[in-house]
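*Asks:* This is my_file-v3.cif (mmCIF, C-alpha atoms, pLDDT in the B column; chains and numbers go by the auth columns).
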```
data_data
loop_
_atom_site.group_PDB
_atom_site.id
_atom_site.type_symbol
_atom_site.label_atom_id
_atom_site.label_comp_id
_atom_site.label_asym_id
_atom_site.label_seq_id
_atom_site.Cartn_x
_atom_site.Cartn_y
_atom_site.Cartn_z
_atom_site.B_iso_or_equiv
_atom_site.auth_seq_id
_atom_site.auth_asym_id
ATOM 1 C CA MET A 1 2.944 -12.359 6.025 92.00 20 A
ATOM 2 C CA VAL A 2 6.193 -13.983 7.025 91.00 21 A
ATOM 3 C CA VAL A 3 8.887 -12.493 9.259 90.00 22 A
ATOM 4 C CA ILE A 4 12.313 -14.040 8.779 93.00 23 A
ATOM 5 C CA ASP A 5 15.503 -13.595 10.806 94.00 24 A
ATOM 6 C CA VAL A 6 18.377 -13.215 8.334 95.00 25 A
ATOM 7 C CA ALA A 7 21.099 -12.340 10.854 95.00 26 A
ATOM 8 C CA ASP A 8 22.876 -15.421 9.495 97.00 27 A
ATOM 9 C CA ARG A 9 22.064 -15.166 5.799 95.00 28 A
ATOM 10 C CA THR A 10 23.210 -18.726 5.204 97.00 29 A
ATOM 11 C CA GLN A 11 20.555 -20.020 7.615 97.00 30 A
ATOM 12 C CA PRO A 12 17.414 -17.845 7.575 97.00 31 A
ATOM 13 C CA LYS A 13 14.955 -18.623 10.363 96.00 32 A
ATOM 14 C CA GLN A 14 11.228 -18.037 10.313 96.00 33 A
ATOM 15 C CA ILE A 15 10.111 -15.895 13.245 95.00 34 A
ATOM 16 C CA THR A 16 6.393 -15.873 12.495 94.00 35 A
ATOM 17 C CA HIS A 17 3.787 -16.454 9.800 94.00 36 A
ATOM 18 C CA ARG A 18 0.360 -14.773 9.678 92.00 37 A
ATOM 19 C CA ASN A 19 -2.495 -15.568 7.297 92.00 38 A
ATOM 20 C CA TRP A 20 -5.780 -13.646 7.601 92.00 39 A
ATOM 21 C CA SER A 21 -7.344 -15.036 4.433 89.00 40 A
ATOM 22 C CA PRO A 22 -10.053 -16.029 4.989 89.00 41 A
ATOM 23 C CA PRO A 23 -11.924 -14.106 6.265 90.00 42 A
ATOM 24 C CA PHE A 24 -10.058 -11.146 4.732 89.00 43 A
ATOM 25 C CA GLY A 25 -8.807 -10.970 1.144 83.00 44 A
ATOM 26 C CA GLY A 26 -5.133 -11.551 1.918 83.00 45 A
ATOM 27 C CA GLY A 27 -2.460 -11.328 -0.760 89.00 46 A
ATOM 28 C CA THR A 28 0.280 -9.529 1.146 92.00 47 A
ATOM 29 C CA HIS A 29 2.373 -7.556 -1.330 91.00 48 A
ATOM 30 C CA ASN A 30 4.824 -5.617 0.786 92.00 49 A
ATOM 31 C CA CYS A 31 5.586 -4.695 4.377 95.00 50 A
ATOM 32 C CA LEU A 32 7.142 -1.590 5.863 97.00 51 A
ATOM 33 C CA PRO A 33 8.799 -2.013 9.252 96.00 52 A
ATOM 34 C CA LEU A 34 8.874 1.127 11.399 98.00 53 A
ATOM 35 C CA PRO A 35 11.387 -0.025 14.038 96.00 54 A
ATOM 36 C CA ASP A 36 11.523 3.314 15.865 98.00 55 A
ATOM 37 C CA ARG A 37 7.814 2.863 16.697 98.00 56 A
ATOM 38 C CA ASP A 38 7.683 -0.955 16.891 98.00 57 A
ATOM 39 C CA LEU A 39 5.108 -0.934 14.073 98.00 58 A
ATOM 40 C CA LEU A 40 4.757 -2.888 10.863 97.00 59 A
ATOM 41 C CA ILE A 41 2.660 -1.616 7.917 98.00 60 A
ATOM 42 C CA VAL A 42 1.376 -4.496 5.769 97.00 61 A
ATOM 43 C CA LEU A 43 -0.302 -4.019 2.393 97.00 62 A
ATOM 44 C CA ASP A 44 -2.548 -6.620 0.752 96.00 63 A
ATOM 45 C CA GLU A 45 -2.600 -6.232 -3.037 95.00 64 A
ATOM 46 C CA ALA A 46 -5.793 -6.146 -5.102 93.00 65 A
ATOM 47 C CA VAL A 47 -5.225 -8.286 -8.217 93.00 66 A
ATOM 48 C CA LEU A 48 -8.678 -8.739 -9.779 93.00 67 A
ATOM 49 C CA ASP A 49 -11.128 -6.272 -11.316 92.00 68 A
ATOM 50 C CA HIS A 50 -14.196 -5.054 -9.384 92.00 69 A
ATOM 51 C CA GLN A 51 -12.814 -6.385 -6.093 92.00 70 A
ATOM 52 C CA GLU A 52 -13.519 -9.949 -7.235 93.00 71 A
ATOM 53 C CA ASP A 53 -10.719 -11.055 -4.876 92.00 72 A
ATOM 54 C CA GLY A 54 -12.322 -9.287 -1.901 92.00 73 A
ATOM 55 C CA LEU A 55 -11.653 -6.096 -0.021 94.00 74 A
ATOM 56 C CA LYS A 56 -7.910 -5.557 0.362 95.00 75 A
ATOM 57 C CA LEU A 57 -6.547 -3.517 3.242 96.00 76 A
ATOM 58 C CA ILE A 58 -3.448 -1.810 4.549 98.00 77 A
ATOM 59 C CA TRP A 59 -2.865 -3.010 8.091 98.00 78 A
ATOM 60 C CA VAL A 60 -1.006 -1.570 11.078 98.00 79 A
ATOM 61 C CA PHE A 61 0.601 -4.179 13.318 97.00 80 A
ATOM 62 C CA ASP A 62 2.059 -3.672 16.774 98.00 81 A
ATOM 63 C CA ASN A 63 5.457 -5.307 16.349 96.00 82 A
ATOM 64 C CA ARG A 64 6.906 -5.067 19.860 96.00 83 A
ATOM 65 C CA VAL A 65 6.963 -8.859 20.118 96.00 84 A
ATOM 66 C CA LYS A 66 8.555 -9.969 16.846 92.00 85 A
ATOM 67 C CA ALA A 67 7.198 -13.508 17.162 94.00 86 A
ATOM 68 C CA ASN A 68 3.668 -12.191 17.703 96.00 87 A
ATOM 69 C CA PRO A 69 2.804 -9.108 15.618 96.00 88 A
ATOM 70 C CA VAL A 70 -0.753 -8.006 16.418 96.00 89 A
ATOM 71 C CA SER A 71 -3.095 -6.139 14.067 97.00 90 A
ATOM 72 C CA ILE A 72 -4.218 -2.901 15.739 98.00 91 A
ATOM 73 C CA SER A 73 -5.864 -0.976 12.873 98.00 92 A
ATOM 74 C CA THR A 74 -6.419 -0.649 9.142 98.00 93 A
ATOM 75 C CA PHE A 75 -6.133 2.337 6.854 98.00 94 A
ATOM 76 C CA PRO A 76 -9.377 3.905 5.628 98.00 95 A
ATOM 77 C CA THR A 77 -10.523 2.605 2.237 97.00 96 A
ATOM 78 C CA PRO A 78 -11.128 5.361 -0.355 97.00 97 A
ATOM 79 C CA ALA A 79 -14.878 5.905 -0.565 95.00 98 A
ATOM 80 C CA GLU A 80 -15.429 9.283 -2.212 96.00 99 A
ATOM 81 C CA ALA A 81 -16.350 7.525 -5.489 96.00 100 A
ATOM 82 C CA ASP A 82 -17.619 4.114 -6.588 97.00 101 A
ATOM 83 C CA TYR A 83 -14.184 2.667 -7.359 97.00 102 A
ATOM 84 C CA VAL A 84 -15.378 -0.950 -7.250 96.00 103 A
ATOM 85 C CA HIS A 85 -17.542 -0.371 -10.329 95.00 104 A
ATOM 86 C CA LYS A 86 -15.213 2.135 -12.044 95.00 105 A
ATOM 87 C CA GLY A 87 -13.389 -0.696 -13.762 92.00 106 A
ATOM 88 C CA GLY A 88 -9.950 -2.211 -13.429 93.00 107 A
ATOM 89 C CA HIS A 89 -8.401 -3.058 -10.082 94.00 108 A
ATOM 90 C CA PHE A 90 -9.485 -1.178 -6.959 96.00 109 A
ATOM 91 C CA GLY A 91 -7.442 -1.506 -3.827 96.00 110 A
ATOM 92 C CA PRO A 92 -3.905 -1.138 -2.552 97.00 111 A
ATOM 93 C CA HIS A 93 -0.976 -2.024 -4.745 96.00 112 A
ATOM 94 C CA ASN A 94 2.184 -0.607 -3.214 96.00 113 A
ATOM 95 C CA ILE A 95 3.629 1.638 -0.486 97.00 114 A
ATOM 96 C CA HIS A 96 6.705 3.839 -0.381 98.00 115 A
ATOM 97 C CA GLU A 97 9.303 1.786 1.486 96.00 116 A
ATOM 98 C CA ASN A 98 11.533 4.372 3.254 97.00 117 A
ATOM 99 C CA ARG A 99 14.613 3.290 1.304 96.00 118 A
ATOM 100 C CA PRO A 100 17.989 4.885 2.187 96.00 119 A
ATOM 101 C CA GLY A 101 18.422 8.198 0.361 96.00 120 A
ATOM 102 C CA SER A 102 14.654 8.659 -0.071 97.00 121 A
ATOM 103 C CA PHE A 103 12.069 10.436 2.047 97.00 122 A
ATOM 104 C CA VAL A 104 11.824 8.522 5.330 97.00 123 A
ATOM 105 C CA SER A 105 8.938 8.875 7.749 97.00 124 A
ATOM 106 C CA SER A 106 7.363 6.848 10.526 98.00 125 A
ATOM 107 C CA GLU A 107 4.240 9.046 10.418 98.00 126 A
ATOM 108 C CA LEU A 108 3.401 9.537 6.714 98.00 127 A
ATOM 109 C CA ILE A 109 2.588 6.548 4.526 98.00 128 A
ATOM 110 C CA PHE A 110 2.296 6.890 0.738 98.00 129 A
ATOM 111 C CA ALA A 111 0.280 4.234 -1.097 98.00 130 A
ATOM 112 C CA THR A 112 -1.163 3.517 -4.511 97.00 131 A
ATOM 113 C CA TYR A 113 -4.754 2.326 -4.814 97.00 132 A
ATOM 114 C CA GLN A 114 -4.821 1.469 -8.517 96.00 133 A
ATOM 115 C CA ASN A 115 -8.016 3.028 -9.974 97.00 134 A
ATOM 116 C CA ALA A 116 -8.259 5.270 -6.881 97.00 135 A
ATOM 117 C CA GLY A 117 -4.841 6.877 -7.461 97.00 136 A
ATOM 118 C CA VAL A 118 -2.176 7.852 -4.940 97.00 137 A
ATOM 119 C CA ARG A 119 -3.012 8.272 -1.251 98.00 138 A
ATOM 120 C CA ILE A 120 -1.158 9.833 1.688 98.00 139 A
ATOM 121 C CA PHE A 121 -1.951 8.692 5.218 98.00 140 A
ATOM 122 C CA ASP A 122 -1.057 10.023 8.661 98.00 141 A
ATOM 123 C CA ILE A 123 -0.374 7.321 11.259 98.00 142 A
ATOM 124 C CA ARG A 124 0.780 9.501 14.168 98.00 143 A
ATOM 125 C CA ASP A 125 -2.081 7.805 16.007 98.00 144 A
ATOM 126 C CA GLN A 126 -1.410 4.210 14.952 98.00 145 A
ATOM 127 C CA TYR A 127 -4.862 3.177 16.127 98.00 146 A
ATOM 128 C CA ARG A 128 -6.615 5.673 13.835 98.00 147 A
ATOM 129 C CA PRO A 129 -4.823 6.134 10.501 98.00 148 A
ATOM 130 C CA ARG A 130 -6.316 8.989 8.503 98.00 149 A
ATOM 131 C CA GLU A 131 -6.024 10.112 4.925 98.00 150 A
ATOM 132 C CA LEU A 132 -4.318 13.476 4.418 97.00 151 A
ATOM 133 C CA GLY A 133 -4.401 13.752 0.641 95.00 152 A
ATOM 134 C CA ALA A 134 -5.011 11.977 -2.625 96.00 153 A
ATOM 135 C CA LEU A 135 -4.595 12.394 -6.360 95.00 154 A
ATOM 136 C CA VAL A 136 -6.809 10.416 -8.697 96.00 155 A
ATOM 137 C CA PRO A 137 -5.462 11.167 -12.181 93.00 156 A
ATOM 138 C CA PRO A 138 -7.892 11.412 -15.097 92.00 157 A
ATOM 139 C CA ALA A 139 -8.549 8.466 -17.387 92.00 158 A
ATOM 140 C CA PRO A 140 -5.588 7.914 -19.726 92.00 159 A
ATOM 141 C CA THR A 141 -5.926 9.235 -23.271 89.00 160 A
ATOM 142 C CA ARG A 142 -4.406 6.029 -24.608 86.00 161 A
ATOM 143 C CA MET A 143 -3.790 2.639 -23.085 84.00 162 A
ATOM 144 C CA MET A 144 -0.375 1.250 -22.233 83.00 163 A
ATOM 145 C CA ASP A 145 -1.979 -2.078 -21.289 81.00 164 A
ATOM 146 C CA HIS A 146 -2.778 -3.709 -24.633 82.00 165 A
ATOM 147 C CA ARG A 147 -4.592 -6.774 -23.295 84.00 166 A
ATOM 148 C CA PRO A 148 -8.034 -7.152 -24.846 87.00 167 A
ATOM 149 C CA ASN A 149 -11.153 -5.799 -23.111 86.00 168 A
ATOM 150 C CA ARG A 150 -9.320 -3.641 -20.559 88.00 169 A
ATOM 151 C CA VAL A 151 -11.235 -0.630 -19.251 90.00 170 A
ATOM 152 C CA GLN A 152 -9.627 2.739 -19.984 92.00 171 A
ATOM 153 C CA VAL A 153 -8.934 3.739 -16.373 94.00 172 A
ATOM 154 C CA ILE A 154 -5.869 4.592 -14.377 94.00 173 A
ATOM 155 C CA GLN A 155 -4.076 1.804 -12.516 95.00 174 A
ATOM 156 C CA SER A 156 -1.652 3.557 -10.145 96.00 175 A
ATOM 157 C CA ALA A 157 0.913 0.917 -9.316 95.00 176 A
ATOM 158 C CA ASP A 158 4.145 2.016 -7.678 96.00 177 A
ATOM 159 C CA VAL A 159 5.125 4.965 -5.516 98.00 178 A
ATOM 160 C CA PHE A 160 8.483 6.401 -4.494 98.00 179 A
ATOM 161 C CA VAL A 161 9.080 9.623 -2.555 97.00 180 A
ATOM 162 C CA ASP A 162 12.477 11.202 -3.151 97.00 181 A
ATOM 163 C CA ALA A 163 14.571 12.897 -0.456 95.00 182 A
ATOM 164 C CA GLY A 164 13.147 16.290 -1.486 94.00 183 A
ATOM 165 C CA GLY A 165 9.582 15.068 -0.951 94.00 184 A
ATOM 166 C CA LEU A 166 8.516 14.698 -4.593 97.00 185 A
ATOM 167 C CA ILE A 167 6.188 11.744 -5.097 97.00 186 A
ATOM 168 C CA HIS A 168 6.836 9.610 -8.186 97.00 187 A
ATOM 169 C CA SER A 169 3.997 7.284 -9.130 97.00 188 A
ATOM 170 C CA THR A 170 3.798 4.910 -12.072 94.00 189 A
ATOM 171 C CA ASP A 171 0.536 3.905 -13.683 93.00 190 A
ATOM 172 C CA TYR A 172 0.018 0.841 -15.899 87.00 191 A
ATOM 173 C CA ASN A 173 -2.078 2.913 -18.275 88.00 192 A
ATOM 174 C CA GLY A 174 -1.264 6.556 -17.593 86.00 193 A
ATOM 175 C CA GLY A 175 2.534 6.604 -17.373 89.00 194 A
ATOM 176 C CA LEU A 176 4.486 8.516 -14.719 93.00 195 A
ATOM 177 C CA TYR A 177 3.098 11.190 -12.392 94.00 196 A
ATOM 178 C CA ILE A 178 5.314 13.440 -10.275 96.00 197 A
ATOM 179 C CA LEU A 179 3.462 15.092 -7.397 95.00 198 A
ATOM 180 C CA GLU A 180 4.229 17.417 -4.548 93.00 199 A
ATOM 181 C CA PHE A 181 2.475 17.096 -1.206 88.00 200 A
ATOM 182 C CA ASN A 182 2.178 20.353 0.706 85.00 201 A
ATOM 183 C CA GLY A 183 0.365 18.984 3.783 73.00 202 A
#
```
Spit out the file's structure as structure tokens when you get a sec.
*Replies:*
Amino acid sequence: MVVIDVADRTQPKQITHRNWSPPFGGGTHNCLPLPDRDLLIVLDEAVLDHQEDGLKLIWVFDNRVKANPVSISTFPTPAEADYVHKGGHFGPHNIHENRPGSFVSSELIFATYQNAGVRIFDIRDQYRPRELGALVPPAPTRMMDHRPNRVQVIQSADVFVDAGGLIHSTDYNGGLYILEFNG
């Protein structure tokens, strides 16, 4: 993870760099700053089947000191099924990024977990994130991924929550899912 000061876009300056791999899997994919709470949500992307690249996590960092963000917790890893052996990638891929004009929250985090679907987390207590809901779509009836020897499983990839609260999630194999969270 790298934090860069781009106040002067012609001369970006590195504020800090963090690398937790090893011992953790690493592979930071995207970060979500929550400036109103001085928090930073950091997602490490799973990129190999059967967790061959290690357990990937979603981290919560205390970001009060920009030059020294400190990890204070991780999101719970889905465990209601044996996702590691289900096939395909298991682990985080993406989070909703609170873009202007979309649903914006400093308490609800929406994430995709590839073969474990779409997950919604509550981080009101930043030290104890908890899962509020999930949708694990069924196996796709046909594959969009035409590479040889791919397992016919979902691979939830991207998530966007519109201003009305509808969750849009793309899946490499299953297409587009539009969900509503009533929690």
*Asks:* Please, what distance in Å, to one decimal, runs between CA of Gln145 (chain A) and CA of Phe179 (chain A)?
*Replies:*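 Between these atoms lies a distance of 21.9 Å.
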*Asks:* Please expand the PyMOL selection byres ((chain A and resi 87) around 10) into the concrete residues it hits in this file, giving the result as a list in words.
*Replies:*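 After applying the PyMOL selection byres ((chain A and resi 87) around 10), what remains is Val22, Ile34, Thr35, His36, Arg37, Phe80, Asp81, Asn82, Arg83, Val84, Lys85, Ala86, Pro88, Val89 and Ser90 of chain A.
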*Asks:* Quick one: residues within 6 Å of region 170-177 of chain A, only C-alpha atoms, excluding same-chain residues fewer than 2 positions away - as a list in words?
*Replies:*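 The neighbour list is Gly106, His112, Asn113, Thr131, Gln133, Asn134, Gly136, Ala158, Ser188, Thr189, Asp190, Tyr191, Asn192 and Gly193 of chain A.
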*Asks:* Given the point (-7.8, -5.3, -13.7) in the coordinates of this file, which residues lie within 8 Å, counting all atoms listed in the file, and how would they look as a PyMOL selection string?
*Replies:* chain A and resi 66-69+106-108+169
*Asks:* Evaluate the PyMOL selection byres ((chain A and resi 181-185) around 9) on the structure here and hand back the selected residues as a ChimeraX atom specification.
*Replies:* /A:120-123,179-180,186-187,197-200
*Asks:* Using all atoms of region 26-42 of chain A that appear in the file, construct an axis-aligned enclosing box with 5 Å of padding on every side and provide its centre coordinates and edge lengths in Å, rounded to one decimal, as JSON.
*Replies:*
```
{"center_x": 5.6, "center_y": -16.2, "center_z": 8.8, "size_x": 45.1, "size_y": 17.7, "size_z": 18.8}
```
*Asks:* Excluding Ile114 (chain A) and its own-chain neighbours fewer than 6 positions away, which residues fall within 8 Å of it when counting all atoms listed in the file? Please give them as a PyMOL selection string.
*Replies:* chain A and resi 49+51+62+128-131+177-179
*Asks:* Running the PyMOL selection byres ((chain A and resi 60) around 7) on this model by hand, what would come out? Give it as a VMD selection string.
*Replies:* chain A and resid 50 to 52 58 to 59 61 to 62 77 to 80
*Asks:* Please provide the set of residues having any atom within 7 Å of Ala153 (chain A), restricted to all atoms listed in the file, with same-chain residues fewer than 5 positions apart removed, written as a list in words.
*Replies:* Val137, Arg138 and Ile139 of chain A
*Asks:* Find the spatial neighbours of Arg149 (chain A), counting all atoms listed in the file, within a cut-off of 8 Å - ignore same-chain residues fewer than 6 positions away - and output them as a list in words.
*Replies:*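 Everything that qualifies: Phe94, Pro95, Phe140, Asp141 and Ile142 of chain A.
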*Asks:* Check the smallest atom-to-atom distance from each of A:Lys75, A:Arg166, A:Arg161, A:Arg118 to Tyr132 (chain A) using all atoms listed in the file, then report the winner.
*Replies:* A:Lys75
*Asks:* Find the distance between CA of Thr96 (chain A) and CA of Phe43 (chain A) and write it in Å to one decimal.
*Replies:*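 According to the coordinates, CA of Thr96 (chain A) and CA of Phe43 (chain A) are separated by 14.0 Å.
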*Asks:* Can you work out the spacing between CA of Pro167 (chain A) and CA of Gln70 (chain A) in Å, to one decimal?
*Replies:*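 Atom-to-atom, CA of Pro167 (chain A) to CA of Gln70 (chain A), that is 19.4 Å.
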*Asks:* For region 26-40 of chain A, where the input has fewer atoms than it should, I would like N, CA, C and O atoms rebuilt and written as a PDB file, in the coordinates of the input.
*Replies:*
```
ATOM      1  N   ALA A  26      19.827 -12.725  10.238  1.00 95.00           N
ATOM      2  CA  ALA A  26      21.099 -12.340  10.854  1.00 95.00           C
ATOM      3  C   ALA A  26      22.224 -13.213  10.312  1.00 95.00           C
ATOM      4  O   ALA A  26      23.318 -12.729  10.017  1.00 95.00           O
ATOM      5  N   ASP A  27      21.960 -14.513  10.170  1.00 97.00           N
ATOM      6  CA  ASP A  27      22.876 -15.421   9.495  1.00 97.00           C
ATOM      7  C   ASP A  27      22.238 -15.723   8.138  1.00 97.00           C
ATOM      8  O   ASP A  27      21.330 -16.538   8.032  1.00 97.00           O
ATOM      9  N   ARG A  28      22.692 -15.051   7.121  1.00 95.00           N
ATOM     10  CA  ARG A  28      22.064 -15.166   5.799  1.00 95.00           C
ATOM     11  C   ARG A  28      22.202 -16.555   5.189  1.00 95.00           C
ATOM     12  O   ARG A  28      21.497 -16.899   4.264  1.00 95.00           O
ATOM     13  N   THR A  29      23.089 -17.355   5.714  1.00 97.00           N
ATOM     14  CA  THR A  29      23.210 -18.726   5.204  1.00 97.00           C
ATOM     15  C   THR A  29      22.184 -19.659   5.830  1.00 97.00           C
ATOM     16  O   THR A  29      21.981 -20.761   5.341  1.00 97.00           O
ATOM     17  N   GLN A  30      21.565 -19.206   6.942  1.00 97.00           N
ATOM     18  CA  GLN A  30      20.555 -20.020   7.615  1.00 97.00           C
ATOM     19  C   GLN A  30      19.396 -19.144   8.099  1.00 97.00           C
ATOM     20  O   GLN A  30      19.241 -18.900   9.301  1.00 97.00           O
ATOM     21  N   PRO A  31      18.567 -18.661   7.155  1.00 97.00           N
ATOM     22  CA  PRO A  31      17.414 -17.845   7.575  1.00 97.00           C
ATOM     23  C   PRO A  31      16.468 -18.644   8.457  1.00 97.00           C
ATOM     24  O   PRO A  31      16.319 -19.855   8.269  1.00 97.00           O
ATOM     25  N   LYS A  32      15.865 -17.959   9.427  1.00 96.00           N
ATOM     26  CA  LYS A  32      14.955 -18.623  10.363  1.00 96.00           C
ATOM     27  C   LYS A  32      13.625 -17.882  10.385  1.00 96.00           C
ATOM     28  O   LYS A  32      13.589 -16.667  10.545  1.00 96.00           O
ATOM     29  N   GLN A  33      12.556 -18.641  10.237  1.00 96.00           N
ATOM     30  CA  GLN A  33      11.228 -18.037  10.313  1.00 96.00           C
ATOM     31  C   GLN A  33      10.929 -17.628  11.749  1.00 96.00           C
ATOM     32  O   GLN A  33      11.068 -18.430  12.673  1.00 96.00           O
ATOM     33  N   ILE A  34      10.512 -16.386  11.924  1.00 95.00           N
ATOM     34  CA  ILE A  34      10.111 -15.895  13.245  1.00 95.00           C
ATOM     35  C   ILE A  34       8.611 -16.087  13.432  1.00 95.00           C
ATOM     36  O   ILE A  34       8.162 -16.556  14.467  1.00 95.00           O
ATOM     37  N   THR A  35       7.845 -15.705  12.409  1.00 94.00           N
ATOM     38  CA  THR A  35       6.393 -15.873  12.495  1.00 94.00           C
ATOM     39  C   THR A  35       5.776 -15.895  11.101  1.00 94.00           C
ATOM     40  O   THR A  35       6.394 -15.447  10.128  1.00 94.00           O
ATOM     41  N   HIS A  36       4.581 -16.420  11.038  1.00 94.00           N
ATOM     42  CA  HIS A  36       3.787 -16.454   9.800  1.00 94.00           C
ATOM     43  C   HIS A  36       2.356 -16.099  10.178  1.00 94.00           C
ATOM     44  O   HIS A  36       1.817 -16.652  11.139  1.00 94.00           O
ATOM     45  N   ARG A  37       1.750 -15.167   9.439  1.00 92.00           N
ATOM     46  CA  ARG A  37       0.360 -14.773   9.678  1.00 92.00           C
ATOM     47  C   ARG A  37      -0.416 -14.898   8.378  1.00 92.00           C
ATOM     48  O   ARG A  37       0.057 -14.479   7.318  1.00 92.00           O
ATOM     49  N   ASN A  38      -1.619 -15.447   8.458  1.00 92.00           N
ATOM     50  CA  ASN A  38      -2.495 -15.568   7.297  1.00 92.00           C
ATOM     51  C   ASN A  38      -3.908 -15.202   7.741  1.00 92.00           C
ATOM     52  O   ASN A  38      -4.504 -15.919   8.538  1.00 92.00           O
ATOM     53  N   TRP A  39      -4.442 -14.100   7.220  1.00 92.00           N
ATOM     54  CA  TRP A  39      -5.780 -13.646   7.601  1.00 92.00           C
ATOM     55  C   TRP A  39      -6.797 -13.861   6.480  1.00 92.00           C
ATOM     56  O   TRP A  39      -7.855 -13.261   6.456  1.00 92.00           O
ATOM     57  N   SER A  40      -6.438 -14.731   5.538  1.00 89.00           N
ATOM     58  CA  SER A  40      -7.344 -15.036   4.433  1.00 89.00           C
ATOM     59  C   SER A  40      -7.662 -16.530   4.434  1.00 89.00           C
ATOM     60  O   SER A  40      -6.761 -17.344   4.226  1.00 89.00           O
TER      61      SER A  40
END
```
